[in-house]
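**Q** Got a structure here, written out as structure tokens. Questions coming.
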Amino acid sequence: KITRVQGRRVWDSRGRPTVEAEITTTSGRRGRAIAPAGASRGSGEATDLRDGGVRLGGLDVRGAVHNVETRIADALIGHPVADQEGIDGILDALDPTPTRSDLGGNATVSVSLAALHAAAAVADLPVWRHLNPSPTRIPRPQIQIIGGGAHAARRVDLQDFMVVPLSATRIDDALEQVAEVYLSVGRIFAERGPSLGVADEGGFWPAVAANEEALSILTRGIEQTGLVPGVDVAISLDIAASEFETHGRYTLASEDRVLDGDAWRSVVEGWLAVYPIVAVEDPAGEHDAPGMRAFTRSLGDRSLVVGDDYLVTDPQRIERAAAEGACNTALIKVNQAGTVTRTSQAHAAARRAGWSTIVSARSGETEDISVAHLAVGWDADILKVGSITRGERTAKWNELIRIDSEMGGLPLAPFPTTAARVG
Ligand code: PGA
Ligand code: ZN
């Protein structure tokens, strides 16, 4: 049973306050978790409760911490910790708003995850094993090399220029290949001029003139390692188009041009024809449903078409999108859904639709490694946590290595074949 629920204010990778929850049980075993925070958020996702005002830019979370220690603690103390659905049901009942605006998504997600960790501790198991006693594969990593969009002061419009190792069959080899690509792209940037630092998730700052230049540098970076682009290592993009779409028009500010939906789709189709791109996330804005369907029709046989802001880890939205032929892959983020149970329902909804799944961290992260455990426990196809640098990112990759070694070495999940997955 839960005997204590504590909340505390801790700090994330952008130097912003966030919520940690810790749950203690009758046995004395504890679990704790920290809420991550997004920067390019979908309008339908759970929102963090922030204090407002001037201190810390209005971003303080004392109100959310207070909610953990008062209303949530009062409701959960005495409840069996292994009853994740019951605990999450209590959180839902305490705050029935669709975006958790009353308690704060940061309060609910930290408590929900802390309960999962506490239940695993009571069972004396790591969280991944508590969720799945015998996983058969490790999610394939999708790793940022160059950052952009809202994570890099909009120096380019696209948000994530990532790579996916395709031919590697073990996590060790996959990460080694990505590290080679990271070093190689770093050398290309170094030859071009002084380093301008890194974007929010640790990828290189995009010191480029246009979106496409980042694609060509990334492709060259892969080639220069001796790996074959599109065969050994491919490119994947999080376009995060909601950040530059309004009323169906797409503004590429870094290139000084505004495109209608069809022209924008031609641009992206052109990139797929030239560069080894195997996944595009949020190619259309979150309100541009016809755009997302058109992208899925035109690219879905060649590429994962991933919904993030478009789906916001909402099981009903995933079902609707699948029925309408929008997307073929769901991005799964616990803090978009607000609880572990709702997130797992979203993951299951994507599976029912025959889709692939990508479990994802946020741009504001911490040392919390829950996301690696969820990805293994739920048997996700892919894990996305940013770059292969910075502790809040490597914490997750290194956890995959530990899980793999504890299991005596598992194959990586195959990169999903997309042709069969288009609605
Ligand atoms: P965010 O970005 O965490 O800033 O929302 C990650 C993503 O868009 O996938
Ligand atoms: Zn995204």
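In the structure tokens, the first chain shown is A, the next is B, and so on; residue numbers restart at 1 for each chain, and ligands run from 1 in the order shown.
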Which residues, written as a CSV table (one decimal) with C-alpha atoms, in the first residue's frame, have at least one atom at most 10 Å from Pro315 of chain A, with only C-alpha atoms counted and residues fewer than 5 positions away on the same chain left out?

**A**
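Result written to around_38.csv:
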```csv
chain,number,residue,atom,x,y,z
A,320,ARG,CA,-9.6,8.3,-35.7
A,321,ALA,CA,-6.4,9.0,-37.6
A,337,ALA,CA,-1.2,11.6,-21.9
A,342,ARG,CA,-3.5,6.3,-20.7
A,343,THR,CA,-0.1,6.2,-22.4
A,344,SER,CA,-0.2,2.4,-22.6
A,345,GLN,CA,-3.7,2.6,-24.0
A,346,ALA,CA,-2.4,4.9,-26.7
A,347,HIS,CA,0.4,2.5,-27.4
A,348,ALA,CA,-2.1,-0.4,-27.6
A,349,ALA,CA,-4.4,1.7,-29.9
A,350,ALA,CA,-1.5,2.2,-32.3
```

**Q** Per residue of chain A within 7 Å of ligand 1, which atom pair is closest and at what distance in Å (one decimal), using only C-alpha atoms and all ligand atoms, listed by chain and increasing number, as a Markdown table?

**A**
```
| residue | atom | partner | partner_atom_place_in_ligand_line | distance |
| --- | --- | --- | --- | --- |
| A:Ala37 | CA | ligand 1 | 3 (O) | 6.2 |
| A:Gly38 | CA | ligand 1 | 3 (O) | 3.3 |
| A:Ala39 | CA | ligand 1 | 4 (O) | 3.4 |
| A:Ser40 | CA | ligand 1 | 5 (O) | 3.9 |
| A:Arg41 | CA | ligand 1 | 5 (O) | 4.6 |
| A:His151 | CA | ligand 1 | 4 (O) | 6.8 |
| A:Asp238 | CA | ligand 1 | 9 (O) | 6.6 |
| A:Ala240 | CA | ligand 1 | 8 (O) | 5.9 |
| A:Asp308 | CA | ligand 1 | 9 (O) | 6.4 |
| A:Ser360 | CA | ligand 1 | 9 (O) | 6.9 |
| A:Ala361 | CA | ligand 1 | 3 (O) | 6.7 |
| A:Arg362 | CA | ligand 1 | 3 (O) | 3.3 |
| A:Ser363 | CA | ligand 1 | 3 (O) | 3.8 |
| A:Gly364 | CA | ligand 1 | 3 (O) | 6.3 |
```

**Q** Keeping only all heavy atoms, write the selected residues as a tab-separated table (two decimals), in the first residue's frame.

**A**
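Result written to part36.tsv:
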```
chain	number	residue	atom	x	y	z
A	37	ALA	N	9.55	17.96	-19.93
A	37	ALA	CA	8.80	19.12	-20.42
A	37	ALA	C	9.10	19.35	-21.89
A	37	ALA	O	10.26	19.37	-22.30
A	37	ALA	CB	9.16	20.36	-19.61
A	38	GLY	N	8.06	19.53	-22.69
A	38	GLY	CA	8.23	19.79	-24.11
A	38	GLY	C	8.35	21.28	-24.41
A	38	GLY	O	7.93	22.12	-23.60
A	39	ALA	N	8.90	21.60	-25.58
A	39	ALA	CA	8.94	22.99	-26.04
A	39	ALA	C	8.01	23.18	-27.24
A	39	ALA	O	7.37	24.21	-27.39
A	39	ALA	CB	10.35	23.39	-26.42
A	40	SER	N	7.95	22.18	-28.10
A	40	SER	CA	7.02	22.28	-29.25
A	40	SER	C	5.86	21.34	-28.95
A	40	SER	O	5.86	20.18	-29.32
A	40	SER	CB	7.74	21.90	-30.54
A	40	SER	OG	8.02	20.53	-30.61
A	41	ARG	N	4.90	21.88	-28.24
A	41	ARG	CA	3.82	21.05	-27.73
A	41	ARG	C	2.59	21.09	-28.63
A	41	ARG	O	2.29	22.11	-29.23
A	41	ARG	CB	3.43	21.53	-26.33
A	41	ARG	CG	4.53	21.31	-25.29
A	41	ARG	CD	4.07	21.74	-23.91
A	41	ARG	NE	3.81	23.18	-23.87
A	41	ARG	CZ	4.70	24.09	-23.52
A	41	ARG	NH1	5.92	23.72	-23.18
A	41	ARG	NH2	4.39	25.36	-23.52
A	151	HIS	N	13.87	24.22	-30.93
A	151	HIS	CA	14.98	23.80	-30.06
A	151	HIS	C	16.28	24.52	-30.40
A	151	HIS	O	17.30	24.28	-29.77
A	151	HIS	CB	15.21	22.29	-30.16
A	151	HIS	CG	14.01	21.48	-29.77
A	151	HIS	ND1	13.88	20.15	-30.06
A	151	HIS	CD2	12.88	21.82	-29.11
A	151	HIS	CE1	12.72	19.70	-29.59
A	151	HIS	NE2	12.09	20.69	-29.02
A	238	ASP	N	12.06	14.97	-37.64
A	238	ASP	CA	10.86	15.49	-36.98
A	238	ASP	C	10.67	16.90	-37.51
A	238	ASP	O	11.39	17.82	-37.14
A	238	ASP	CB	11.00	15.50	-35.46
A	238	ASP	CG	9.72	16.00	-34.78
A	238	ASP	OD1	8.75	16.31	-35.50
A	238	ASP	OD2	9.70	16.08	-33.54
A	240	ALA	N	7.96	18.75	-37.19
A	240	ALA	CA	7.23	19.57	-36.21
A	240	ALA	C	6.56	20.76	-36.90
A	240	ALA	O	6.69	21.92	-36.50
A	240	ALA	CB	8.16	20.04	-35.08
A	308	ASP	N	2.94	13.17	-33.88
A	308	ASP	CA	3.30	13.58	-32.52
A	308	ASP	C	2.28	14.62	-32.06
A	308	ASP	O	1.27	14.28	-31.44
A	308	ASP	CB	4.73	14.12	-32.52
A	308	ASP	CG	5.13	14.76	-31.20
A	308	ASP	OD1	4.41	14.59	-30.21
A	308	ASP	OD2	6.16	15.47	-31.16
A	360	SER	N	8.97	8.17	-26.84
A	360	SER	CA	9.80	9.37	-26.95
A	360	SER	C	9.93	10.14	-25.64
A	360	SER	O	8.97	10.26	-24.87
A	360	SER	CB	9.20	10.30	-28.02
A	360	SER	OG	9.86	11.55	-28.02
A	361	ALA	N	11.13	10.68	-25.43
A	361	ALA	CA	11.37	11.65	-24.36
A	361	ALA	C	10.93	13.03	-24.83
A	361	ALA	O	10.32	13.17	-25.89
A	361	ALA	CB	12.86	11.66	-24.01
A	362	ARG	N	11.23	14.08	-24.06
A	362	ARG	CA	10.89	15.46	-24.43
A	362	ARG	C	12.18	16.27	-24.58
A	362	ARG	O	13.25	15.84	-24.19
A	362	ARG	CB	10.01	16.12	-23.35
A	362	ARG	CG	8.70	15.45	-23.09
A	362	ARG	CD	7.84	15.23	-24.34
A	362	ARG	NE	7.46	16.41	-25.09
A	362	ARG	CZ	6.23	16.92	-25.17
A	362	ARG	NH1	5.24	16.34	-24.52
A	362	ARG	NH2	5.97	17.97	-25.92
A	363	SER	N	12.04	17.48	-25.09
A	363	SER	CA	13.24	18.31	-25.23
A	363	SER	C	13.75	18.79	-23.88
A	363	SER	O	14.95	18.99	-23.69
A	363	SER	CB	12.96	19.49	-26.16
A	363	SER	OG	11.81	20.20	-25.72
A	364	GLY	N	12.86	18.94	-22.88
A	364	GLY	CA	13.29	19.24	-21.52
A	364	GLY	C	13.32	17.92	-20.76
A	364	GLY	O	12.28	17.30	-20.55
```

**Q** Go through chain A and flag each residue having an atom no more than 12 Å from ligand 2; for those, report the closest pair of atoms plus their distance in Å to one decimal, using only C-alpha atoms and all ligand atoms, ordered by chain and rising number, as a Markdown table.

**A**
```
| residue | atom | partner | partner_atom_place_in_ligand_line | distance |
| --- | --- | --- | --- | --- |
| A:Gly38 | CA | ligand 2 | 1 (Zn) | 9.3 |
| A:Ala39 | CA | ligand 2 | 1 (Zn) | 9.8 |
| A:Ser40 | CA | ligand 2 | 1 (Zn) | 7.3 |
| A:Arg41 | CA | ligand 2 | 1 (Zn) | 8.1 |
| A:Gly42 | CA | ligand 2 | 1 (Zn) | 8.9 |
| A:Gln144 | CA | ligand 2 | 1 (Zn) | 11.8 |
| A:Gly147 | CA | ligand 2 | 1 (Zn) | 11.8 |
| A:Gly148 | CA | ligand 2 | 1 (Zn) | 11.6 |
| A:Gly149 | CA | ligand 2 | 1 (Zn) | 10.6 |
| A:Ala150 | CA | ligand 2 | 1 (Zn) | 10.6 |
| A:His151 | CA | ligand 2 | 1 (Zn) | 11.0 |
| A:Leu158 | CA | ligand 2 | 1 (Zn) | 10.1 |
| A:Gln159 | CA | ligand 2 | 1 (Zn) | 7.8 |
| A:Asp160 | CA | ligand 2 | 1 (Zn) | 8.1 |
| A:Phe161 | CA | ligand 2 | 1 (Zn) | 11.3 |
| A:Met162 | CA | ligand 2 | 1 (Zn) | 11.6 |
| A:Ser236 | CA | ligand 2 | 1 (Zn) | 11.5 |
| A:Leu237 | CA | ligand 2 | 1 (Zn) | 9.0 |
| A:Asp238 | CA | ligand 2 | 1 (Zn) | 5.4 |
| A:Ile239 | CA | ligand 2 | 1 (Zn) | 7.2 |
| A:Ala240 | CA | ligand 2 | 1 (Zn) | 5.3 |
| A:Ala241 | CA | ligand 2 | 1 (Zn) | 8.8 |
| A:Ser242 | CA | ligand 2 | 1 (Zn) | 9.5 |
| A:Glu243 | CA | ligand 2 | 1 (Zn) | 10.2 |
| A:Ala279 | CA | ligand 2 | 1 (Zn) | 11.7 |
| A:Val280 | CA | ligand 2 | 1 (Zn) | 9.5 |
| A:Glu281 | CA | ligand 2 | 1 (Zn) | 6.1 |
| A:Asp282 | CA | ligand 2 | 1 (Zn) | 6.5 |
| A:Pro283 | CA | ligand 2 | 1 (Zn) | 9.7 |
| A:Ala284 | CA | ligand 2 | 1 (Zn) | 11.3 |
| A:Gly285 | CA | ligand 2 | 1 (Zn) | 11.0 |
| A:Glu286 | CA | ligand 2 | 1 (Zn) | 10.7 |
| A:Val305 | CA | ligand 2 | 1 (Zn) | 11.5 |
| A:Val306 | CA | ligand 2 | 1 (Zn) | 8.4 |
| A:Gly307 | CA | ligand 2 | 1 (Zn) | 7.7 |
| A:Asp308 | CA | ligand 2 | 1 (Zn) | 5.0 |
| A:Asp309 | CA | ligand 2 | 1 (Zn) | 6.4 |
| A:Tyr310 | CA | ligand 2 | 1 (Zn) | 9.1 |
| A:Leu311 | CA | ligand 2 | 1 (Zn) | 10.3 |
| A:Val312 | CA | ligand 2 | 1 (Zn) | 9.6 |
| A:Thr313 | CA | ligand 2 | 1 (Zn) | 11.4 |
| A:Ala330 | CA | ligand 2 | 1 (Zn) | 10.4 |
| A:Leu331 | CA | ligand 2 | 1 (Zn) | 7.6 |
| A:Ile332 | CA | ligand 2 | 1 (Zn) | 9.9 |
| A:Lys333 | CA | ligand 2 | 1 (Zn) | 9.8 |
| A:Gln336 | CA | ligand 2 | 1 (Zn) | 11.4 |
| A:Ile358 | CA | ligand 2 | 1 (Zn) | 10.6 |
| A:Val359 | CA | ligand 2 | 1 (Zn) | 11.2 |
| A:Ser360 | CA | ligand 2 | 1 (Zn) | 8.8 |
| A:Ala361 | CA | ligand 2 | 1 (Zn) | 9.9 |
| A:Arg362 | CA | ligand 2 | 1 (Zn) | 8.7 |
| A:Ser363 | CA | ligand 2 | 1 (Zn) | 9.5 |
| A:Lys384 | CA | ligand 2 | 1 (Zn) | 9.8 |
| A:Val385 | CA | ligand 2 | 1 (Zn) | 10.9 |
| A:Gly386 | CA | ligand 2 | 1 (Zn) | 10.7 |
```

**Q** Could you tell me how far atom CA of Ala73 of chain A sits from atom CA of Thr339 of chain A, in Å to one decimal place?

**A**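 About the pair atom CA of Thr339 of chain A and atom CA of Ala73 of chain A: they are 15.6 Å apart.
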
**Q** List every residue of segment 127-173 of chain A that has an atom at most 12 Å from any atom of segment 256-261 of chain A, giving for each one its closest atom pair and the distance in Å to one decimal, counting only C-alpha atoms, sorted by chain and then by ascending residue number, as CSV.

**A**
```
residue,atom,partner,partner_atom,distance
A:Arg155,CA,A:Asp256,CA,11.9
A:Val156,CA,A:Asp256,CA,10.8
A:Asp157,CA,A:Asp256,CA,10.5
```

**Q** Would you kindly return, as a PDB file with C-alpha atoms, in the first residue's frame, each protein, DNA or RNA residue with an atom no farther than 9 Å from any atom of Arg297 of chain A, considering only C-alpha atoms and excluding same-chain residues fewer than 2 positions away?

**A**
```pdb
ATOM      1  CA  MET A 292      -1.561  14.693 -42.911  1.00  0.00           C
ATOM      2  CA  ARG A 293      -3.701  12.318 -44.987  1.00  0.00           C
ATOM      3  CA  ALA A 294      -2.079  13.541 -48.195  1.00  0.00           C
ATOM      4  CA  PHE A 295       1.408  13.056 -46.737  1.00  0.00           C
ATOM      5  CA  LEU A 299       4.970   8.938 -48.529  1.00  0.00           C
ATOM      6  CA  GLY A 300       3.495   6.138 -46.443  1.00  0.00           C
ATOM      7  CA  ASP A 301       4.780   3.346 -48.684  1.00  0.00           C
ATOM      8  CA  GLY A 325      -5.659   7.166 -43.239  1.00  0.00           C
ATOM      9  CA  ALA A 326      -3.529   9.780 -41.472  1.00  0.00           C
ATOM     10  CA  CYS A 327      -0.100   8.585 -40.162  1.00  0.00           C
ATOM     11  CA  VAL A 422      -0.591   2.280 -44.978  1.00  0.00           C
ATOM     12  CA  GLY A 423      -4.336   2.430 -44.384  1.00  0.00           C
TER      13      GLY A 423
END
```

**Q** Hey, what's within 7 Å of Gly31 of chain A if we count only C-alpha atoms and toss same-chain stuff fewer than 5 positions away? As a compact mmCIF listing (two decimals) with all heavy atoms, in the first residue's frame, please?

**A**
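Resulting contents of result_22.txt:
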```
# COMPACT_ATOMS: atom_id res chain seq x y z
N GLU A 22 7.79 11.18 -5.30
CA GLU A 22 8.33 9.97 -4.69
C GLU A 22 7.23 9.30 -3.88
O GLU A 22 6.56 9.95 -3.09
CB GLU A 22 9.53 10.30 -3.80
CG GLU A 22 10.15 9.06 -3.19
CD GLU A 22 11.59 9.26 -2.74
OE1 GLU A 22 12.31 10.08 -3.35
OE2 GLU A 22 11.97 8.60 -1.76
N ILE A 23 7.06 8.00 -4.12
CA ILE A 23 6.00 7.24 -3.45
C ILE A 23 6.64 6.19 -2.57
O ILE A 23 7.53 5.44 -3.01
CB ILE A 23 5.06 6.62 -4.50
CG1 ILE A 23 4.18 7.73 -5.08
CG2 ILE A 23 4.21 5.50 -3.88
CD1 ILE A 23 3.14 7.30 -6.06
N THR A 24 6.24 6.16 -1.30
CA THR A 24 6.73 5.16 -0.35
C THR A 24 5.60 4.17 -0.06
O THR A 24 4.42 4.55 -0.04
CB THR A 24 7.18 5.85 0.95
OG1 THR A 24 8.07 6.92 0.62
CG2 THR A 24 7.91 4.89 1.88
N ALA A 114 5.98 7.47 -10.71
CA ALA A 114 6.57 7.10 -9.41
C ALA A 114 5.87 5.86 -8.86
O ALA A 114 6.51 4.97 -8.28
CB ALA A 114 6.45 8.26 -8.43
N ALA A 115 4.55 5.76 -9.08
CA ALA A 115 3.81 4.57 -8.63
C ALA A 115 4.31 3.33 -9.37
O ALA A 115 4.48 2.26 -8.77
CB ALA A 115 2.31 4.77 -8.86
N HIS A 117 7.29 2.87 -10.64
CA HIS A 117 8.62 2.54 -10.08
C HIS A 117 8.48 1.89 -8.70
O HIS A 117 9.23 0.96 -8.38
CB HIS A 117 9.49 3.81 -9.99
CG HIS A 117 10.09 4.22 -11.30
ND1 HIS A 117 11.30 3.74 -11.75
CD2 HIS A 117 9.64 5.05 -12.27
CE1 HIS A 117 11.57 4.27 -12.94
NE2 HIS A 117 10.58 5.08 -13.28
N ALA A 118 7.55 2.39 -7.89
CA ALA A 118 7.38 1.83 -6.54
C ALA A 118 6.85 0.39 -6.64
O ALA A 118 7.31 -0.50 -5.90
CB ALA A 118 6.43 2.70 -5.72
N ALA A 121 9.62 -1.79 -7.53
CA ALA A 121 10.53 -1.97 -6.39
C ALA A 121 9.95 -2.98 -5.40
O ALA A 121 10.68 -3.82 -4.86
CB ALA A 121 10.78 -0.62 -5.70
```

**Q** Return the single residue from A:Gly377, A:Pro411, A:Pro416, A:Gly52 that is closest to Trp355 of chain A, with distances computed using only C-alpha atoms.

**A**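 Going through A:Gly377, A:Pro411, A:Pro416, A:Gly52 one by one, the smallest distance to Trp355 of chain A is for A:Pro416.
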
**Q** Contacts between segment 179-195 of chain A and segment 349-393 of chain A, please, where a residue of segment 349-393 of chain A counts if it comes within 12 Å (with only C-alpha atoms); show its shortest atom pair and distance in Å to one decimal, rows by chain and ascending number, as a tab-separated table.

**A**
```
residue	atom	partner	partner_atom	distance
A:Ser387	CA	A:Tyr182	CA	8.8
A:Ile388	CA	A:Ala179	CA	6.9
A:Thr389	CA	A:Ala179	CA	9.1
```

**Q** Using only C-alpha atoms, which protein or nucleic acid residues come within 10 Å of Val111 of chain A? Drop anything in the same chain fewer than 4 positions from it, and give the result as JSON, numbers by chain.

**A** {"A": [5, 6, 7, 19, 20, 21, 22, 23, 31, 32, 33, 34, 35, 68, 72, 73, 76, 87, 88, 91, 105, 106, 107, 115, 116, 117, 338, 339, 340]}

**Q** In Å, how far is it from atom CA of Pro206 of chain A to atom CA of Ile382 of chain A?

**A**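 Distance between the two atoms: 24.6 Å.
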
**Q** Could you give me the residues within segment 25-267 of chain A that DSSP places in helix (DSSP H, G or I), as a PyMOL selection string?

**A** chain A and resi 55-58+62-76+84-94+105-122+127-131+149-151+171-192+211-224+241-243+253-255+261-267

**Q** Which one of A:Arg4, A:Arg317, A:Arg393, A:Arg129 sits closest to Gly203 of chain A if you count only C-alpha atoms?

**A** A:Arg393

**Q** Figure out the distance between atom CA of Met407 of chain A and atom CA of Ala82 of chain A, please, to one decimal in Å.

**A**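 Distance between the two atoms: 23.9 Å.
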
**Q** Give the answer as one residue: which of A:Ile277, A:Leu383, A:Leu227, A:Ala263 has the shortest atom-to-atom distance to Ile369 of chain A, using only C-alpha atoms?

**A** A:Leu383

**Q** Identify which of the residues A:Gly89, A:Gly409, A:Gly202, A:Gly44 lies closest to Gly391 of chain A, counting only C-alpha atoms when measuring atom-to-atom distances.

**A**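 Counting only C-alpha atoms, the residue closest to Gly391 of chain A is A:Gly202.
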
**Q** Could you find all residues in segment 243-339 of chain A that DSSP calls strand (DSSP E or B) from the backbone, and write them as a ChimeraX atom specification?

**A** /A:245-246,249-252,257-260,277-281,304-307,329-332

**Q** Would you mind exporting the chosen residues as an mmCIF file, in the first residue's frame, restricted to N, CA and C atoms?

**A**
```
data_model
loop_
_atom_site.group_PDB
_atom_site.id
_atom_site.type_symbol
_atom_site.label_atom_id
_atom_site.label_comp_id
_atom_site.auth_asym_id
_atom_site.auth_seq_id
_atom_site.Cartn_x
_atom_site.Cartn_y
_atom_site.Cartn_z
ATOM 1 N N GLU A 245 3.088 26.211 -39.389
ATOM 2 C CA GLU A 245 1.895 26.168 -40.239
ATOM 3 C C GLU A 245 0.799 27.039 -39.630
ATOM 4 N N THR A 246 0.157 27.859 -40.458
ATOM 5 C CA THR A 246 -1.086 28.527 -40.041
ATOM 6 C C THR A 246 -2.069 28.499 -41.195
ATOM 7 N N ARG A 249 -1.024 27.098 -44.472
ATOM 8 C CA ARG A 249 0.135 27.669 -45.164
ATOM 9 C C ARG A 249 1.397 27.446 -44.340
ATOM 10 N N TYR A 250 2.470 27.119 -45.027
ATOM 11 C CA TYR A 250 3.714 26.716 -44.365
ATOM 12 C C TYR A 250 4.792 27.773 -44.591
ATOM 13 N N THR A 251 5.231 28.392 -43.485
ATOM 14 C CA THR A 251 6.201 29.481 -43.583
ATOM 15 C C THR A 251 7.597 28.971 -43.234
ATOM 16 N N LEU A 252 8.449 28.842 -44.261
ATOM 17 C CA LEU A 252 9.836 28.467 -44.009
ATOM 18 C C LEU A 252 10.600 29.759 -43.765
ATOM 19 N N ARG A 257 10.318 31.876 -47.373
ATOM 20 C CA ARG A 257 9.260 31.558 -48.329
ATOM 21 C C ARG A 257 8.043 30.964 -47.615
ATOM 22 N N VAL A 258 6.884 31.237 -48.204
ATOM 23 C CA VAL A 258 5.615 30.735 -47.675
ATOM 24 C C VAL A 258 4.986 29.848 -48.749
ATOM 25 N N LEU A 259 4.585 28.629 -48.346
ATOM 26 C CA LEU A 259 4.085 27.663 -49.322
ATOM 27 C C LEU A 259 2.683 27.208 -48.933
ATOM 28 N N ASP A 260 1.845 26.920 -49.948
ATOM 29 C CA ASP A 260 0.576 26.274 -49.599
ATOM 30 C C ASP A 260 0.855 24.786 -49.363
ATOM 31 N N ILE A 277 15.839 9.221 -46.533
ATOM 32 C CA ILE A 277 14.932 9.518 -45.413
ATOM 33 C C ILE A 277 13.926 8.375 -45.254
ATOM 34 N N VAL A 278 13.809 7.853 -44.030
ATOM 35 C CA VAL A 278 12.906 6.714 -43.811
ATOM 36 C C VAL A 278 11.781 7.022 -42.823
ATOM 37 N N ALA A 279 11.766 8.231 -42.240
ATOM 38 C CA ALA A 279 10.678 8.585 -41.317
ATOM 39 C C ALA A 279 10.504 10.094 -41.307
ATOM 40 N N VAL A 280 9.240 10.536 -41.337
ATOM 41 C CA VAL A 280 8.952 11.965 -41.193
ATOM 42 C C VAL A 280 7.869 12.126 -40.128
ATOM 43 N N GLU A 281 8.172 12.937 -39.139
ATOM 44 C CA GLU A 281 7.233 13.160 -38.036
ATOM 45 C C GLU A 281 6.555 14.509 -38.228
ATOM 46 N N LEU A 304 8.036 5.991 -42.611
ATOM 47 C CA LEU A 304 7.135 6.132 -41.481
ATOM 48 C C LEU A 304 6.580 7.546 -41.529
ATOM 49 N N VAL A 305 5.271 7.678 -41.353
ATOM 50 C CA VAL A 305 4.662 9.004 -41.209
ATOM 51 C C VAL A 305 4.164 9.055 -39.766
ATOM 52 N N VAL A 306 4.888 9.812 -38.957
ATOM 53 C CA VAL A 306 4.735 9.732 -37.510
ATOM 54 C C VAL A 306 3.888 10.893 -37.012
ATOM 55 N N GLY A 307 2.908 10.599 -36.170
ATOM 56 C CA GLY A 307 2.097 11.655 -35.576
ATOM 57 C C GLY A 307 2.538 11.925 -34.151
ATOM 58 N N THR A 329 2.408 5.661 -37.903
ATOM 59 C CA THR A 329 3.248 5.445 -36.722
ATOM 60 C C THR A 329 2.855 6.467 -35.659
ATOM 61 N N ALA A 330 2.802 6.023 -34.390
ATOM 62 C CA ALA A 330 2.471 6.950 -33.302
ATOM 63 C C ALA A 330 3.704 7.253 -32.462
ATOM 64 N N LEU A 331 3.921 8.542 -32.203
ATOM 65 C CA LEU A 331 4.904 8.925 -31.197
ATOM 66 C C LEU A 331 4.187 8.836 -29.846
ATOM 67 N N ILE A 332 4.860 8.252 -28.868
ATOM 68 C CA ILE A 332 4.220 7.980 -27.581
ATOM 69 C C ILE A 332 5.008 8.698 -26.486
#
```
